[in-house]
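Enquirer: Below is input_29.txt; it holds compact mmCIF, C-alpha atoms.
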```
# COMPACT_ATOMS: atom_id res chain seq x y z
CA MET A 1 0.00 0.00 0.00
CA SER A 2 1.26 3.48 -0.88
CA PHE A 3 2.42 5.88 1.79
CA TYR A 4 0.12 8.53 0.32
CA ASP A 5 -2.93 6.30 0.87
CA GLN A 6 -2.23 6.47 4.61
CA LEU A 7 -2.44 10.26 4.77
CA LYS A 8 -5.39 12.49 5.53
CA PHE A 9 -5.02 15.99 4.15
CA ASP A 10 -7.43 18.48 5.74
CA ALA A 11 -10.36 20.28 4.07
CA LYS A 12 -7.87 22.71 2.49
CA GLY A 13 -5.70 19.85 1.20
CA LEU A 14 -3.00 20.47 3.81
CA ILE A 15 -1.15 18.44 6.42
CA PRO A 16 1.11 19.80 9.20
CA ALA A 17 4.77 18.81 8.89
CA ILE A 18 6.98 18.92 11.97
CA VAL A 19 10.67 19.27 11.11
CA GLN A 20 13.24 17.79 13.49
CA GLU A 21 17.03 17.99 13.26
CA GLN A 22 18.08 14.35 13.11
CA LYS A 23 21.52 14.88 14.63
CA THR A 24 20.36 16.70 17.77
CA GLY A 25 16.67 15.81 18.10
CA ARG A 26 15.87 19.52 18.15
CA VAL A 27 12.40 20.37 16.80
CA LEU A 28 13.11 23.18 14.36
CA MET A 29 9.76 24.28 12.96
CA MET A 30 6.33 23.26 11.82
CA ALA A 31 4.87 24.22 8.45
CA TRP A 32 2.15 22.96 6.13
CA MET A 33 2.40 20.74 3.08
CA ASN A 34 -0.05 19.97 0.32
CA ARG A 35 0.40 16.85 -1.77
CA ALA A 36 2.54 18.69 -4.34
CA ALA A 37 4.88 19.97 -1.60
CA LEU A 38 5.23 16.48 -0.17
CA GLU A 39 5.89 14.94 -3.57
CA LYS A 40 8.52 17.57 -4.29
CA THR A 41 10.09 16.98 -0.86
CA ILE A 42 10.37 13.26 -1.58
CA ALA A 43 11.58 13.77 -5.16
CA THR A 44 14.27 16.36 -4.36
CA GLY A 45 15.30 15.43 -0.81
CA ARG A 46 14.77 19.10 0.20
CA THR A 47 11.78 20.23 2.27
CA HIS A 48 9.04 22.07 0.39
CA PHE A 49 5.93 23.59 1.96
CA TRP A 50 2.70 25.35 1.05
CA SER A 51 2.56 28.94 2.27
CA ARG A 52 -0.97 29.66 3.45
CA SER A 53 -0.37 33.42 3.50
CA ARG A 54 1.40 33.70 0.13
CA ARG A 55 -0.58 30.84 -1.42
CA LYS A 56 2.42 29.29 -3.09
CA LEU A 57 4.79 26.37 -2.91
CA TRP A 58 8.17 27.26 -1.43
CA MET A 59 11.41 25.45 -0.72
CA LYS A 60 12.87 25.99 2.74
CA GLY A 61 16.06 27.97 2.20
CA GLU A 62 15.20 29.18 -1.30
CA ILE A 63 16.12 32.75 -0.28
CA SER A 64 18.18 32.28 2.90
CA GLY A 65 20.17 29.27 1.72
CA HIS A 66 19.14 27.54 4.95
CA VAL A 67 17.99 24.36 3.26
CA GLN A 68 16.91 21.15 4.95
CA ARG A 69 18.20 17.85 3.58
CA VAL A 70 15.62 15.14 4.22
CA LYS A 71 16.77 12.06 6.14
CA ASP A 72 13.47 10.39 7.01
CA ILE A 73 9.73 11.04 6.69
CA THR A 74 7.32 9.54 9.21
CA PHE A 75 3.59 9.94 9.75
CA ASP A 76 1.41 9.51 12.79
CA CYS A 77 -1.18 6.91 13.77
CA ASP A 78 -4.06 8.99 12.41
CA GLY A 79 -2.21 9.83 9.19
CA ASP A 80 -2.80 13.53 9.70
CA VAL A 81 0.64 14.77 10.80
CA LEU A 82 4.11 14.33 9.24
CA LEU A 83 7.42 14.29 11.13
CA ILE A 84 10.44 14.90 8.94
CA GLN A 85 14.03 14.31 10.03
CA VAL A 86 16.51 16.66 8.37
CA ALA A 87 20.04 17.97 8.30
CA GLN A 88 19.64 21.74 8.72
CA THR A 89 21.94 24.32 7.14
CA GLY A 90 22.19 27.47 9.29
CA ALA A 91 19.25 28.86 11.24
CA ALA A 92 15.88 27.20 10.65
CA CYS A 93 13.97 30.24 11.92
CA HIS A 94 13.50 33.31 9.73
CA GLU A 95 14.26 35.34 12.85
CA GLY A 96 17.78 33.89 12.92
CA TYR A 97 17.43 31.31 15.67
CA ARG A 98 18.44 27.70 15.19
CA SER A 99 14.87 26.62 16.03
CA CYS A 100 11.60 28.55 15.70
CA PHE A 101 10.85 27.43 19.28
CA PHE A 102 13.21 29.82 21.03
CA ARG A 103 10.79 31.11 23.69
CA SER A 104 9.52 29.30 26.80
CA VAL A 105 6.62 29.95 29.10
CA ALA A 106 7.64 31.40 32.45
CA ASN A 107 5.85 32.31 35.63
CA ASP A 108 2.81 30.06 35.05
CA GLY A 109 2.02 31.70 31.71
CA LYS A 110 2.24 35.24 32.98
CA SER A 111 5.48 35.80 31.05
CA PHE A 112 8.00 34.11 28.77
CA LYS A 113 11.75 34.03 28.25
CA ILE A 114 14.09 33.65 25.27
CA THR A 115 16.02 30.41 25.71
CA GLU A 116 18.68 30.51 23.03
CA ALA A 117 21.07 32.83 21.22
CA GLN A 118 20.15 34.46 17.92
CA LEU A 119 22.68 33.23 15.32
CA GLU A 120 21.98 35.97 12.79
CA THR A 121 19.59 38.87 12.42
CA PRO A 122 16.88 38.73 9.73
CA GLU A 123 18.75 41.54 7.95
CA GLN A 124 21.88 39.41 7.82
CA ILE A 125 19.91 36.53 6.36
CA TYR A 126 17.62 38.30 3.94
CA GLY A 127 19.29 41.70 3.46
CA LYS A 128 17.76 45.03 4.29
CA LYS A 129 14.22 45.53 3.11
CA MET U 1 3.86 40.79 28.37
CA SER U 2 1.85 37.62 28.89
CA PHE U 3 2.71 34.41 27.12
CA TYR U 4 -0.90 34.15 25.93
CA ASP U 5 -0.64 37.51 24.15
CA GLN U 6 2.04 35.98 21.91
CA LEU U 7 -0.21 33.19 20.65
CA LYS U 8 -2.42 33.05 17.59
CA PHE U 9 -5.23 30.55 17.88
CA ASP U 10 -6.79 29.68 14.50
CA ALA U 11 -10.33 30.50 13.32
CA LYS U 12 -11.64 27.60 15.41
CA GLY U 13 -9.78 28.81 18.51
CA LEU U 14 -7.18 26.03 18.25
CA ILE U 15 -3.40 25.78 18.15
CA PRO U 16 -1.35 22.67 17.30
CA ALA U 17 0.75 21.31 20.18
CA ILE U 18 3.73 19.09 19.41
CA VAL U 19 4.67 16.85 22.33
CA GLN U 20 8.31 15.81 22.72
CA GLU U 21 9.81 13.46 25.31
CA GLN U 22 12.37 15.62 27.08
CA LYS U 23 14.64 12.77 28.11
CA THR U 24 15.08 11.26 24.65
CA GLY U 25 14.10 14.05 22.24
CA ARG U 26 11.55 11.71 20.69
CA VAL U 27 8.55 13.47 19.15
CA LEU U 28 5.61 11.57 20.60
CA MET U 29 2.47 13.10 19.11
CA MET U 30 0.73 16.23 17.93
CA ALA U 31 -2.72 17.26 19.12
CA TRP U 32 -4.77 20.46 19.31
CA MET U 33 -5.32 22.81 22.23
CA ASN U 34 -7.79 25.58 22.78
CA ARG U 35 -7.10 28.23 25.38
CA ALA U 36 -8.86 26.25 28.13
CA ALA U 37 -6.75 23.15 27.38
CA LEU U 38 -3.57 25.21 27.52
CA GLU U 39 -4.57 26.89 30.78
CA LYS U 40 -5.38 23.52 32.31
CA THR U 41 -2.05 22.10 31.06
CA ILE U 42 -0.17 24.95 32.74
CA ALA U 43 -2.23 24.80 35.93
CA THR U 44 -2.02 21.04 36.43
CA GLY U 45 1.32 20.16 34.83
CA ARG U 46 -0.44 17.43 32.80
CA THR U 47 -1.15 17.81 29.07
CA HIS U 48 -4.76 18.54 28.12
CA PHE U 49 -6.09 18.84 24.57
CA TRP U 50 -9.23 19.66 22.63
CA SER U 51 -10.65 16.70 20.73
CA ARG U 52 -11.95 17.96 17.39
CA SER U 53 -13.89 14.74 16.75
CA ARG U 54 -15.42 14.37 20.21
CA ARG U 55 -15.66 18.14 20.77
CA LYS U 56 -14.43 17.95 24.33
CA LEU U 57 -11.46 18.69 26.54
CA TRP U 58 -9.45 15.62 27.47
CA MET U 59 -6.40 14.87 29.55
CA LYS U 60 -3.79 12.67 27.92
CA GLY U 61 -3.84 9.40 29.86
CA GLU U 62 -7.25 9.94 31.46
CA ILE U 63 -8.28 6.43 30.38
CA SER U 64 -4.98 4.71 29.59
CA GLY U 65 -3.02 6.11 32.54
CA HIS U 66 -0.35 7.18 30.03
CA VAL U 67 -0.09 10.73 31.33
CA GLN U 68 2.43 13.35 30.28
CA ARG U 69 4.11 15.44 32.98
CA VAL U 70 4.94 18.87 31.56
CA LYS U 71 8.58 19.99 31.76
CA ASP U 72 8.60 23.00 29.44
CA ILE U 73 6.26 24.82 27.05
CA THR U 74 7.67 26.73 24.09
CA PHE U 75 6.05 28.51 21.15
CA ASP U 76 7.28 29.32 17.68
CA CYS U 77 8.26 32.59 16.00
CA ASP U 78 4.78 33.08 14.52
CA GLY U 79 3.04 32.20 17.80
CA ASP U 80 0.90 29.61 16.07
CA VAL U 81 2.49 26.33 17.20
CA LEU U 82 3.33 25.00 20.68
CA LEU U 83 6.14 22.56 21.51
CA ILE U 84 5.76 20.88 24.89
CA GLN U 85 8.50 18.88 26.63
CA VAL U 86 7.17 16.07 28.79
CA ALA U 87 7.97 12.98 30.80
CA GLN U 88 5.81 10.27 29.25
CA THR U 89 4.31 7.36 31.18
CA GLY U 90 3.96 4.25 28.99
CA ALA U 91 3.03 4.43 25.32
CA ALA U 92 2.07 7.85 23.96
CA CYS U 93 0.20 6.37 21.01
CA HIS U 94 -3.27 4.90 21.43
CA GLU U 95 -2.11 2.07 19.17
CA GLY U 96 0.43 1.05 21.82
CA TYR U 97 3.61 2.48 20.34
CA ARG U 98 5.94 4.75 22.28
CA SER U 99 5.46 7.47 19.65
CA CYS U 100 2.59 8.05 17.23
CA PHE U 101 5.24 8.40 14.51
CA PHE U 102 6.05 4.70 14.18
CA ARG U 103 5.90 4.46 10.37
CA SER U 104 8.41 5.77 7.82
CA VAL U 105 8.17 6.39 4.11
CA ALA U 106 9.99 3.80 2.03
CA ASN U 107 10.69 3.31 -1.64
CA ASP U 108 10.22 6.98 -2.63
CA GLY U 109 6.70 7.11 -1.21
CA LYS U 110 5.53 3.95 -2.90
CA SER U 111 5.43 2.12 0.44
CA PHE U 112 6.13 2.49 4.15
CA LYS U 113 7.58 0.46 6.99
CA ILE U 114 6.96 0.16 10.73
CA THR U 115 10.07 1.34 12.53
CA GLU U 116 9.50 0.40 16.15
CA ALA U 117 8.04 -2.31 18.37
CA GLN U 118 4.48 -2.14 19.67
CA LEU U 119 4.69 -2.01 23.49
CA GLU U 120 1.07 -3.00 24.09
CA THR U 121 -2.02 -3.66 22.01
CA PRO U 122 -4.94 -1.21 22.20
CA GLU U 123 -6.91 -4.00 23.91
CA GLN U 124 -4.26 -4.23 26.63
CA ILE U 125 -4.42 -0.47 27.14
CA TYR U 126 -8.15 0.19 26.90
CA GLY U 127 -9.70 -3.24 27.42
CA LYS U 128 -11.87 -5.09 24.93
CA LYS U 129 -14.64 -3.04 23.35
```
Represent the structure contained in this file as structure tokens.

Expert:
Amino acid sequence: MSFYDQLKFDAKGLIPAIVQEQKTGRVLMMAWMNRAALEKTIATGRTHFWSRSRRKLWMKGEISGHVQRVKDITFDCDGDVLLIQVAQTGAACHEGYRSCFFRSVANDGKSFKITEAQLETPEQIYGKK
Amino acid sequence: MSFYDQLKFDAKGLIPAIVQEQKTGRVLMMAWMNRAALEKTIATGRTHFWSRSRRKLWMKGEISGHVQRVKDITFDCDGDVLLIQVAQTGAACHEGYRSCFFRSVANDGKSFKITEAQLETPEQIYGKK
């Protein structure tokens, strides 16, 4: 049976894809894929996603160079979430952090704290706008 | 500024919550929280979610005993995904696997393979139906 037959895309044809750095176990980001993005990810070995705001297919790192080389693709028991193991080049987060999850809840939800160093500024990654 | 002010719940009032085992880095599952589920998770130190199919709040492990003790709660750059570090009791997956992500893509998407041992059967966890 095909891998695709196991998947349930939502009403908009999308499925959430969690991206984890294989070497460290760090969860880097979550983004959305449609079937075309998933097929392109499998075909090229580079993560591709569907941008809900820009309504287009994009390759992670297409501007920043911070590409993700795919090592493994898994899916959950319900077939409605993907977990992708990658080798990450540079910062995964567009804000210049290694992971998009760089802030933790503090003080029972009354505040939060930044838990890691910023590797680069967005201006260093994308240039001045 | 409050942690909650940083979050963007979707049109249905939900936010995806990735659950990771802190000790091993294993991604265990992803489920959805509304604000009440998140508040209850913070208040009790046990993960709570919103079931979209059953339309009710539930605590992970309320039937199986496979609870998740919360160690850290982080959120991503866009404020629309949570990543929760836990200590997991027993199998996280209702199918009896440690993680819900127990199947990997094989053969360029043409097939898949089971990548880990089943710890218990659903019947052992939930009893016969």

Enquirer: Give me the residues within 12 Å of Tyr4 (chain U) as a list in words, counting all atoms listed in the file and dropping any in the same chain fewer than 4 places off.

Expert: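 The filter keeps Ser104, Val105, Ala106, Asn107, Asp108, Gly109, Lys110, Ser111 and Phe112 of chain A; Lys8, Phe9, Ile15, Asn34, Arg35, Ala36, Leu38, Glu39, Ile42, Ile73, Thr74, Phe75, Gly79, Asp80 and Leu82 of chain U.
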
Enquirer: Could you write out that same residue set with C-alpha atoms as a PDB file, in the coordinates of the input?

Expert:
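Written out: selection_6.pdb:
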```pdb
ATOM      1  CA  SER A 104       9.520  29.300  26.800  1.00  0.00           C
ATOM      2  CA  VAL A 105       6.620  29.950  29.100  1.00  0.00           C
ATOM      3  CA  ALA A 106       7.640  31.400  32.450  1.00  0.00           C
ATOM      4  CA  ASN A 107       5.850  32.310  35.630  1.00  0.00           C
ATOM      5  CA  ASP A 108       2.810  30.060  35.050  1.00  0.00           C
ATOM      6  CA  GLY A 109       2.020  31.700  31.710  1.00  0.00           C
ATOM      7  CA  LYS A 110       2.240  35.240  32.980  1.00  0.00           C
ATOM      8  CA  SER A 111       5.480  35.800  31.050  1.00  0.00           C
ATOM      9  CA  PHE A 112       8.000  34.110  28.770  1.00  0.00           C
TER      10      PHE A 112
ATOM     11  CA  LYS U   8      -2.420  33.050  17.590  1.00  0.00           C
ATOM     12  CA  PHE U   9      -5.230  30.550  17.880  1.00  0.00           C
ATOM     13  CA  ILE U  15      -3.400  25.780  18.150  1.00  0.00           C
ATOM     14  CA  ASN U  34      -7.790  25.580  22.780  1.00  0.00           C
ATOM     15  CA  ARG U  35      -7.100  28.230  25.380  1.00  0.00           C
ATOM     16  CA  ALA U  36      -8.860  26.250  28.130  1.00  0.00           C
ATOM     17  CA  LEU U  38      -3.570  25.210  27.520  1.00  0.00           C
ATOM     18  CA  GLU U  39      -4.570  26.890  30.780  1.00  0.00           C
ATOM     19  CA  ILE U  42      -0.170  24.950  32.740  1.00  0.00           C
ATOM     20  CA  ILE U  73       6.260  24.820  27.050  1.00  0.00           C
ATOM     21  CA  THR U  74       7.670  26.730  24.090  1.00  0.00           C
ATOM     22  CA  PHE U  75       6.050  28.510  21.150  1.00  0.00           C
ATOM     23  CA  GLY U  79       3.040  32.200  17.800  1.00  0.00           C
ATOM     24  CA  ASP U  80       0.900  29.610  16.070  1.00  0.00           C
ATOM     25  CA  LEU U  82       3.330  25.000  20.680  1.00  0.00           C
TER      26      LEU U  82
END
```

Enquirer: Can you work out which one of U:Ala92, U:Ala17, U:Val86, U:Cys77 has the shortest atom-to-atom distance to chain A, counting only C-alpha atoms?

Expert: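 Counting only C-alpha atoms, the residue closest to chain A is U:Cys77.
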
Enquirer: Arg46 (chain U): which residues within 7 Å, counting all atoms listed in the file, same-chain residues fewer than 2 positions away excluded, as an MDAnalysis selection string?

Expert: chainID U and resid 41 44 48 67:70

Enquirer: After superposing chain U onto chain A (least squares, all C-alpha atoms, pairing by order), export the transformed chain as a JSON list (two decimals) with C-alpha atoms, in the frame of the given file.

Expert:
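The resulting superposed-v1.json:
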```json
[["chain", "number", "residue", "atom", "x", "y", "z"],
["U", 1, "MET", "CA", -0.04, 0.02, -0.06],
["U", 2, "SER", "CA", 1.25, 3.48, -0.90],
["U", 3, "PHE", "CA", 2.41, 5.87, 1.77],
["U", 4, "TYR", "CA", 0.11, 8.53, 0.32],
["U", 5, "ASP", "CA", -2.94, 6.31, 0.86],
["U", 6, "GLN", "CA", -2.24, 6.46, 4.61],
["U", 7, "LEU", "CA", -2.45, 10.25, 4.77],
["U", 8, "LYS", "CA", -5.40, 12.49, 5.53],
["U", 9, "PHE", "CA", -5.03, 15.98, 4.15],
["U", 10, "ASP", "CA", -7.44, 18.47, 5.76],
["U", 11, "ALA", "CA", -10.35, 20.28, 4.06],
["U", 12, "LYS", "CA", -7.87, 22.70, 2.49],
["U", 13, "GLY", "CA", -5.70, 19.85, 1.19],
["U", 14, "LEU", "CA", -3.00, 20.47, 3.82],
["U", 15, "ILE", "CA", -1.15, 18.43, 6.43],
["U", 16, "PRO", "CA", 1.10, 19.79, 9.19],
["U", 17, "ALA", "CA", 4.77, 18.81, 8.89],
["U", 18, "ILE", "CA", 6.98, 18.92, 11.97],
["U", 19, "VAL", "CA", 10.66, 19.27, 11.12],
["U", 20, "GLN", "CA", 13.23, 17.79, 13.50],
["U", 21, "GLU", "CA", 17.03, 17.98, 13.27],
["U", 22, "GLN", "CA", 18.09, 14.35, 13.12],
["U", 23, "LYS", "CA", 21.52, 14.88, 14.63],
["U", 24, "THR", "CA", 20.36, 16.68, 17.77],
["U", 25, "GLY", "CA", 16.66, 15.80, 18.09],
["U", 26, "ARG", "CA", 15.86, 19.50, 18.15],
["U", 27, "VAL", "CA", 12.41, 20.37, 16.81],
["U", 28, "LEU", "CA", 13.12, 23.17, 14.36],
["U", 29, "MET", "CA", 9.77, 24.28, 12.96],
["U", 30, "MET", "CA", 6.32, 23.26, 11.82],
["U", 31, "ALA", "CA", 4.88, 24.22, 8.45],
["U", 32, "TRP", "CA", 2.14, 22.97, 6.12],
["U", 33, "MET", "CA", 2.39, 20.74, 3.07],
["U", 34, "ASN", "CA", -0.05, 19.97, 0.33],
["U", 35, "ARG", "CA", 0.39, 16.86, -1.77],
["U", 36, "ALA", "CA", 2.55, 18.68, -4.34],
["U", 37, "ALA", "CA", 4.89, 19.97, -1.60],
["U", 38, "LEU", "CA", 5.23, 16.47, -0.17],
["U", 39, "GLU", "CA", 5.90, 14.93, -3.58],
["U", 40, "LYS", "CA", 8.53, 17.56, -4.30],
["U", 41, "THR", "CA", 10.11, 16.98, -0.86],
["U", 42, "ILE", "CA", 10.39, 13.25, -1.57],
["U", 43, "ALA", "CA", 11.60, 13.75, -5.14],
["U", 44, "THR", "CA", 14.27, 16.34, -4.36],
["U", 45, "GLY", "CA", 15.30, 15.44, -0.81],
["U", 46, "ARG", "CA", 14.78, 19.10, 0.21],
["U", 47, "THR", "CA", 11.79, 20.22, 2.28],
["U", 48, "HIS", "CA", 9.05, 22.08, 0.40],
["U", 49, "PHE", "CA", 5.93, 23.59, 1.96],
["U", 50, "TRP", "CA", 2.71, 25.35, 1.07],
["U", 51, "SER", "CA", 2.57, 28.95, 2.27],
["U", 52, "ARG", "CA", -0.97, 29.66, 3.45],
["U", 53, "SER", "CA", -0.37, 33.42, 3.49],
["U", 54, "ARG", "CA", 1.40, 33.70, 0.14],
["U", 55, "ARG", "CA", -0.59, 30.83, -1.42],
["U", 56, "LYS", "CA", 2.42, 29.30, -3.08],
["U", 57, "LEU", "CA", 4.81, 26.38, -2.90],
["U", 58, "TRP", "CA", 8.18, 27.26, -1.43],
["U", 59, "MET", "CA", 11.41, 25.45, -0.71],
["U", 60, "LYS", "CA", 12.87, 26.00, 2.74],
["U", 61, "GLY", "CA", 16.07, 27.99, 2.20],
["U", 62, "GLU", "CA", 15.20, 29.19, -1.31],
["U", 63, "ILE", "CA", 16.11, 32.75, -0.28],
["U", 64, "SER", "CA", 18.16, 32.29, 2.89],
["U", 65, "GLY", "CA", 20.16, 29.28, 1.71],
["U", 66, "HIS", "CA", 19.13, 27.54, 4.95],
["U", 67, "VAL", "CA", 17.98, 24.35, 3.26],
["U", 68, "GLN", "CA", 16.91, 21.14, 4.95],
["U", 69, "ARG", "CA", 18.21, 17.84, 3.58],
["U", 70, "VAL", "CA", 15.62, 15.13, 4.22],
["U", 71, "LYS", "CA", 16.78, 12.05, 6.16],
["U", 72, "ASP", "CA", 13.47, 10.38, 7.02],
["U", 73, "ILE", "CA", 9.74, 11.03, 6.69],
["U", 74, "THR", "CA", 7.32, 9.53, 9.20],
["U", 75, "PHE", "CA", 3.58, 9.93, 9.75],
["U", 76, "ASP", "CA", 1.40, 9.51, 12.80],
["U", 77, "CYS", "CA", -1.19, 6.90, 13.76],
["U", 78, "ASP", "CA", -4.07, 8.99, 12.40],
["U", 79, "GLY", "CA", -2.21, 9.83, 9.18],
["U", 80, "ASP", "CA", -2.80, 13.52, 9.69],
["U", 81, "VAL", "CA", 0.64, 14.76, 10.80],
["U", 82, "LEU", "CA", 4.10, 14.34, 9.24],
["U", 83, "LEU", "CA", 7.41, 14.29, 11.14],
["U", 84, "ILE", "CA", 10.44, 14.89, 8.95],
["U", 85, "GLN", "CA", 14.05, 14.31, 10.04],
["U", 86, "VAL", "CA", 16.52, 16.65, 8.38],
["U", 87, "ALA", "CA", 20.05, 17.98, 8.31],
["U", 88, "GLN", "CA", 19.64, 21.74, 8.71],
["U", 89, "THR", "CA", 21.94, 24.32, 7.14],
["U", 90, "GLY", "CA", 22.20, 27.47, 9.29],
["U", 91, "ALA", "CA", 19.26, 28.86, 11.23],
["U", 92, "ALA", "CA", 15.88, 27.21, 10.66],
["U", 93, "CYS", "CA", 13.97, 30.23, 11.92],
["U", 94, "HIS", "CA", 13.50, 33.30, 9.74],
["U", 95, "GLU", "CA", 14.25, 35.35, 12.85],
["U", 96, "GLY", "CA", 17.78, 33.90, 12.91],
["U", 97, "TYR", "CA", 17.44, 31.32, 15.66],
["U", 98, "ARG", "CA", 18.44, 27.69, 15.20],
["U", 99, "SER", "CA", 14.87, 26.62, 16.03],
["U", 100, "CYS", "CA", 11.61, 28.54, 15.71],
["U", 101, "PHE", "CA", 10.85, 27.42, 19.28],
["U", 102, "PHE", "CA", 13.22, 29.82, 21.02],
["U", 103, "ARG", "CA", 10.80, 31.11, 23.69],
["U", 104, "SER", "CA", 9.52, 29.30, 26.79],
["U", 105, "VAL", "CA", 6.62, 29.96, 29.09],
["U", 106, "ALA", "CA", 7.65, 31.39, 32.44],
["U", 107, "ASN", "CA", 5.87, 32.32, 35.63],
["U", 108, "ASP", "CA", 2.81, 30.08, 35.05],
["U", 109, "GLY", "CA", 2.02, 31.71, 31.71],
["U", 110, "LYS", "CA", 2.26, 35.25, 32.98],
["U", 111, "SER", "CA", 5.49, 35.80, 31.04],
["U", 112, "PHE", "CA", 8.02, 34.12, 28.77],
["U", 113, "LYS", "CA", 11.76, 34.04, 28.24],
["U", 114, "ILE", "CA", 14.10, 33.64, 25.27],
["U", 115, "THR", "CA", 16.02, 30.41, 25.71],
["U", 116, "GLU", "CA", 18.68, 30.50, 23.03],
["U", 117, "ALA", "CA", 21.07, 32.83, 21.22],
["U", 118, "GLN", "CA", 20.16, 34.48, 17.93],
["U", 119, "LEU", "CA", 22.68, 33.24, 15.33],
["U", 120, "GLU", "CA", 21.97, 35.99, 12.80],
["U", 121, "THR", "CA", 19.57, 38.88, 12.42],
["U", 122, "PRO", "CA", 16.87, 38.72, 9.73],
["U", 123, "GLU", "CA", 18.74, 41.55, 7.97],
["U", 124, "GLN", "CA", 21.89, 39.42, 7.84],
["U", 125, "ILE", "CA", 19.90, 36.53, 6.37],
["U", 126, "TYR", "CA", 17.62, 38.32, 3.93],
["U", 127, "GLY", "CA", 19.28, 41.70, 3.46],
["U", 128, "LYS", "CA", 17.74, 45.06, 4.29],
["U", 129, "LYS", "CA", 14.20, 45.58, 3.06]]
```

Enquirer: For CA of Lys60 (chain U) and CA of Ala37 (chain U), determine how far apart the two atoms are, in Å to one decimal place.

Expert: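 Separation between CA of Lys60 (chain U) and CA of Ala37 (chain U): 10.9 Å.
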
Enquirer: To test the calculation: enclose all listed atoms of region 36-47 of chain A in a box whose edges run along x, y and z, add 5 Å on each side, then state centre and edge lengths in Å to one decimal, as AutoDock Vina command-line options.

Expert:
```
--center_x 8.9 --center_y 16.7 --center_z -1.4 --size_x 22.8 --size_y 17.0 --size_z 17.4
```

Enquirer: For CA of Asp5 (chain A) and CA of Ala43 (chain A), quote the distance in Å rounded to one decimal.

Expert: 17.4 Å

Enquirer: Residues within 12 Å of Glu62 (chain A), please, as a list in words. Count all atoms listed in the file; anything in the same chain fewer than 2 positions from it doesn't count.

Expert: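 Everything that qualifies: Arg46, Thr47, His48, Phe49, Leu57, Trp58, Met59, Lys60, Ser64, Gly65, His66, Val67, Gln68, Thr89, His94, Ile125 and Tyr126 of chain A.
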
Enquirer: Taking into account only C-alpha atoms, which residue in the set U:Ser2, U:Gln118, U:Thr24, U:Ser51 is nearest to chain A?

Expert: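 Checking each candidate against chain A, we get U:Ser2 as the closest.
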
Enquirer: May I ask which of the residues U:Ala91, U:Leu14, U:Ile84, U:Met33 is the closest one to chain A, counting all atoms listed in the file?

Expert: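 Nearest to chain A: U:Ile84.
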
Enquirer: Find the distance between CA of Asp76 (chain U) and CA of Gln6 (chain U) and write it in Å to one decimal.

Expert: 9.5 Å

Enquirer: For each of U:Ala31, U:Cys100, U:Ile114, U:Leu119, take the minimum atom-to-atom distance to chain A, counting all atoms listed in the file, then give the residue where this is smallest.

Expert: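 Looking only at the distances to chain A, the closest residue turns out to be U:Cys100.
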
Enquirer: From the list U:Gly45, U:Gly90, U:Gly13, U:Gly61, which residue is nearest chain A when using only C-alpha atoms?

Expert: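 Of U:Gly45, U:Gly90, U:Gly13, U:Gly61, the one nearest chain A is U:Gly45, counting only C-alpha atoms.
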
Enquirer: With distances taken over only C-alpha atoms, which residue among A:Arg98, A:Lys113, A:Gln88, A:Val81 lies nearest Glu21 (chain A)?

Expert: A:Gln88
